[in-house]
Amino acid sequence: MQVFDSDSYQDYIKFFLETSPRGTVRKLADALGCHPTFISQVVSQKANFSNEQAVHFCRFAKLDAAETEYFIDLVGRDRAGDADTKAFFASRLERHAESRLELQSRWKTKDVLRPEHEYVYFENYLYQAIHCLIQVPTFQDSAALAKALAISKEQADSVLFGLNKMGLAERAGSRWSATKASLHIGKSSPNTRRFHMNWRLKTAALLLDQQPESNLHFSAVAAISRREAAAIRRALVDVIDSSRQRMVDSKSEEVFVLNLDYYPLVKE
């Protein structure tokens, strides 16, 4: 469990203590300047941390800056003495949660294209496909790219020179290589919708053909609670985050496509 998954700060303290070595309660009590029984009372919601104790707990638990802010706001909400104060901290918690689900800010991506280049790059899936493929040694010339993607050599050359103009590819003789491994497009970009549509259409076309058993496709429609819907969204974002990091750290041998869709069937 992460602090962002906690319904209350007491839930996170309980999880932290249950997954920590024996003797942690006493060490935590020393760090907070209280008796160990007080911590038990807090976990059972019979007492509350002070703001100072909340800060010391975050330091003890080695929470990062974002986690610390979220935890302290949980304390503020749960200690609130009136509805207005509780609503104030609840709105802060909601903003924290939404910010964490924004992948672009979470990844702190800096590689962006000029607007006119971004439009071309995300308008046609071939730019993204070839940008990724030239990171694999066996696809670093236009003939190999044309064969792999079932396009003409002229099309491959056109895209390669386009990537070169964008500063994303460079040529040495007849071979091409990528100067940047990946880009991220934020959901606020006007080109985001076309980008997602292109790859889903590509996947839909792929599904018309017989697929290898190693391919993974999953679709589900289910009636669930709002709480579980939010929890699943957080879990999926965490999976995307960890998967992206594995992609960034990985050696380039093959190119894979990852599409994931999760949304309410009817918007209220």
# chains A, B, ... in the order shown; residues from 1 in each chain; ligands from 1
call {"tool": "residues_around", "arguments": {"residues": "A:Ser219", "least_positions_apart": "5", "cutoff": "10 Å", "atoms": "only C-alpha atoms", "output": "short mmCIF file (atom, residue, chain, number, x, y, z; two decimals) with N, CA and C atoms, in the first residue's frame"}}
result
data_model
loop_
_atom_site.label_atom_id
_atom_site.label_comp_id
_atom_site.auth_asym_id
_atom_site.auth_seq_id
_atom_site.Cartn_x
_atom_site.Cartn_y
_atom_site.Cartn_z
N LEU A 260 -4.05 0.77 -23.55
CA LEU A 260 -4.86 0.49 -22.38
C LEU A 260 -5.99 1.49 -22.33
N ASP A 261 -7.22 1.01 -22.17
CA ASP A 261 -8.38 1.89 -22.12
C ASP A 261 -9.17 1.58 -20.86
N TYR A 262 -9.55 2.63 -20.13
CA TYR A 262 -10.32 2.44 -18.91
C TYR A 262 -11.17 3.69 -18.71
#
call {"tool": "residues_around", "arguments": {"residues": "A:Leu133", "least_positions_apart": "6", "cutoff": "10 Å", "atoms": "only C-alpha atoms", "output": "VMD selection string"}}
result
chain A and resid 127 139 to 141 144 to 145 148 to 149 176 to 178 252 to 256
call {"tool": "atom_distance", "arguments": {"atom1": "atom CA of A:Arg92", "atom2": "atom CA of A:Asp73"}}
result
7.1 Å
call {"tool": "residues_around", "arguments": {"residues": "A:Leu201", "least_positions_apart": "6", "cutoff": "12 Å", "atoms": "only C-alpha atoms", "output": "PyMOL selection string"}}
result
chain A and resi 124-125+194-195+207-208+259
call {"tool": "select_by_dssp", "arguments": {"residues": "stretch 41-207 of chain A", "states": "strand (DSSP E)", "output": "short mmCIF file (atom, residue, chain, number, x, y, z; two decimals) with N, CA and C atoms, in the first residue's frame"}}
result
data_model
loop_
_atom_site.label_atom_id
_atom_site.label_comp_id
_atom_site.auth_asym_id
_atom_site.auth_seq_id
_atom_site.Cartn_x
_atom_site.Cartn_y
_atom_site.Cartn_z
N ALA A 169 16.28 11.71 -35.34
CA ALA A 169 17.04 10.64 -36.00
C ALA A 169 18.23 11.24 -36.72
N GLU A 170 19.28 10.45 -36.84
CA GLU A 170 20.46 10.87 -37.58
C GLU A 170 20.96 9.72 -38.44
N ARG A 171 21.66 10.09 -39.54
CA ARG A 171 22.09 9.08 -40.50
C ARG A 171 23.61 9.00 -40.55
N ALA A 172 24.11 7.78 -40.66
CA ALA A 172 25.53 7.52 -40.89
C ALA A 172 25.61 6.55 -42.05
N ARG A 175 22.65 3.89 -42.75
CA ARG A 175 22.04 3.46 -41.50
C ARG A 175 21.55 4.65 -40.68
N TRP A 176 20.42 4.43 -40.02
CA TRP A 176 19.81 5.47 -39.21
C TRP A 176 19.75 5.05 -37.75
N SER A 177 19.83 6.03 -36.86
CA SER A 177 19.68 5.76 -35.43
C SER A 177 18.88 6.89 -34.78
N ALA A 178 18.25 6.58 -33.66
CA ALA A 178 17.44 7.58 -32.95
C ALA A 178 18.32 8.42 -32.05
#
call {"tool": "atom_distance", "arguments": {"atom1": "atom CA of A:Phe16", "atom2": "atom CA of A:Ala235"}}
result
19.0 Å
call {"tool": "residues_around", "arguments": {"residues": "stretch 40-47 of chain A", "least_positions_apart": "4", "cutoff": "7 Å", "atoms": "only C-alpha atoms", "output": "list in words"}}
result
Gln10, Ile13, Lys14 and Pro36 of chain A
call {"tool": "residues_around", "arguments": {"residues": "A:Tyr9", "least_positions_apart": "2", "cutoff": "7 Å", "atoms": "only C-alpha atoms", "output": "list in words"}}
result
Ser6, Asp11, Tyr12, Ile13, Phe71, Leu74 and Val75 of chain A
call {"tool": "write_last_selection", "arguments": {"atoms": "all heavy atoms", "output": "PDB file, in the first residue's frame"}}
result
ATOM      1  N   SER A   6      -4.416   5.150   0.749  1.00  0.00           N
ATOM      2  CA  SER A   6      -4.996   5.062   2.082  1.00  0.00           C
ATOM      3  C   SER A   6      -6.257   5.907   2.198  1.00  0.00           C
ATOM      4  O   SER A   6      -6.299   7.049   1.740  1.00  0.00           O
ATOM      5  CB  SER A   6      -3.980   5.515   3.134  1.00  0.00           C
ATOM      6  OG  SER A   6      -2.762   4.809   3.001  1.00  0.00           O
ATOM      7  N   ASP A  11      -4.895   4.266   8.600  1.00  0.00           N
ATOM      8  CA  ASP A  11      -4.727   3.058   7.778  1.00  0.00           C
ATOM      9  C   ASP A  11      -3.278   2.911   7.326  1.00  0.00           C
ATOM     10  O   ASP A  11      -2.725   1.804   7.321  1.00  0.00           O
ATOM     11  CB  ASP A  11      -5.638   3.121   6.545  1.00  0.00           C
ATOM     12  CG  ASP A  11      -7.086   2.840   6.884  1.00  0.00           C
ATOM     13  OD1 ASP A  11      -7.353   2.365   7.998  1.00  0.00           O
ATOM     14  OD2 ASP A  11      -7.954   3.118   6.026  1.00  0.00           O
ATOM     15  N   TYR A  12      -2.672   4.036   6.911  1.00  0.00           N
ATOM     16  CA  TYR A  12      -1.297   3.949   6.433  1.00  0.00           C
ATOM     17  C   TYR A  12      -0.338   3.651   7.575  1.00  0.00           C
ATOM     18  O   TYR A  12       0.607   2.869   7.401  1.00  0.00           O
ATOM     19  CB  TYR A  12      -0.870   5.219   5.722  1.00  0.00           C
ATOM     20  CG  TYR A  12       0.518   5.064   5.137  1.00  0.00           C
ATOM     21  CD1 TYR A  12       0.710   4.268   4.007  1.00  0.00           C
ATOM     22  CD2 TYR A  12       1.632   5.634   5.747  1.00  0.00           C
ATOM     23  CE1 TYR A  12       1.982   4.064   3.486  1.00  0.00           C
ATOM     24  CE2 TYR A  12       2.902   5.439   5.230  1.00  0.00           C
ATOM     25  CZ  TYR A  12       3.067   4.654   4.103  1.00  0.00           C
ATOM     26  OH  TYR A  12       4.329   4.446   3.609  1.00  0.00           O
ATOM     27  N   ILE A  13      -0.550   4.248   8.745  1.00  0.00           N
ATOM     28  CA  ILE A  13       0.311   3.953   9.900  1.00  0.00           C
ATOM     29  C   ILE A  13       0.237   2.468  10.236  1.00  0.00           C
ATOM     30  O   ILE A  13       1.259   1.817  10.485  1.00  0.00           O
ATOM     31  CB  ILE A  13      -0.102   4.800  11.123  1.00  0.00           C
ATOM     32  CG1 ILE A  13       0.107   6.279  10.842  1.00  0.00           C
ATOM     33  CG2 ILE A  13       0.720   4.387  12.356  1.00  0.00           C
ATOM     34  CD1 ILE A  13      -0.483   7.188  11.902  1.00  0.00           C
ATOM     35  N   PHE A  71      -0.021  12.889   3.262  1.00  0.00           N
ATOM     36  CA  PHE A  71      -0.230  12.346   4.606  1.00  0.00           C
ATOM     37  C   PHE A  71      -0.670  13.444   5.573  1.00  0.00           C
ATOM     38  O   PHE A  71      -1.615  13.258   6.352  1.00  0.00           O
ATOM     39  CB  PHE A  71       1.052  11.685   5.107  1.00  0.00           C
ATOM     40  CG  PHE A  71       0.903  11.024   6.448  1.00  0.00           C
ATOM     41  CD1 PHE A  71       0.474   9.713   6.553  1.00  0.00           C
ATOM     42  CD2 PHE A  71       1.202  11.720   7.623  1.00  0.00           C
ATOM     43  CE1 PHE A  71       0.324   9.100   7.796  1.00  0.00           C
ATOM     44  CE2 PHE A  71       1.060  11.112   8.865  1.00  0.00           C
ATOM     45  CZ  PHE A  71       0.617   9.807   8.950  1.00  0.00           C
ATOM     46  N   LEU A  74      -4.160  14.319   5.012  1.00  0.00           N
ATOM     47  CA  LEU A  74      -5.041  13.300   5.593  1.00  0.00           C
ATOM     48  C   LEU A  74      -5.255  13.572   7.082  1.00  0.00           C
ATOM     49  O   LEU A  74      -6.378  13.484   7.591  1.00  0.00           O
ATOM     50  CB  LEU A  74      -4.435  11.899   5.415  1.00  0.00           C
ATOM     51  CG  LEU A  74      -4.588  11.208   4.056  1.00  0.00           C
ATOM     52  CD1 LEU A  74      -3.787   9.916   4.041  1.00  0.00           C
ATOM     53  CD2 LEU A  74      -6.048  10.929   3.739  1.00  0.00           C
ATOM     54  N   VAL A  75      -4.160  13.903   7.772  1.00  0.00           N
ATOM     55  CA  VAL A  75      -4.254  14.221   9.194  1.00  0.00           C
ATOM     56  C   VAL A  75      -5.154  15.439   9.392  1.00  0.00           C
ATOM     57  O   VAL A  75      -6.029  15.463  10.265  1.00  0.00           O
ATOM     58  CB  VAL A  75      -2.856  14.476   9.801  1.00  0.00           C
ATOM     59  CG1 VAL A  75      -2.971  14.951  11.249  1.00  0.00           C
ATOM     60  CG2 VAL A  75      -2.002  13.212   9.735  1.00  0.00           C
TER      61      VAL A  75
END
call {"tool": "select_by_dssp", "arguments": {"residues": "stretch 33-77 of chain A", "states": "alpha helix (DSSP H)", "output": "PyMOL selection string"}}
result
chain A and resi 36-43+51-60+65-77
call {"tool": "closest_residue", "arguments": {"among": "A:Asp84, A:Glu213, A:Leu17, A:Arg95", "to": "A:Phe60", "atoms": "only C-alpha atoms"}}
result
A:Leu17
call {"tool": "closest_residue", "arguments": {"among": "A:Ser214, A:Gln245, A:Ser8, A:Thr37", "to": "A:Arg77", "atoms": "only C-alpha atoms"}}
result
A:Ser8
call {"tool": "atom_distance", "arguments": {"atom1": "atom CA of A:Phe38", "atom2": "atom CA of A:Glu69"}}
result
22.9 Å
call {"tool": "closest_residue", "arguments": {"among": "A:Ala61, A:Tyr121, A:Ser91, A:Ala66", "to": "A:Thr192", "atoms": "only C-alpha atoms"}}
result
A:Tyr121
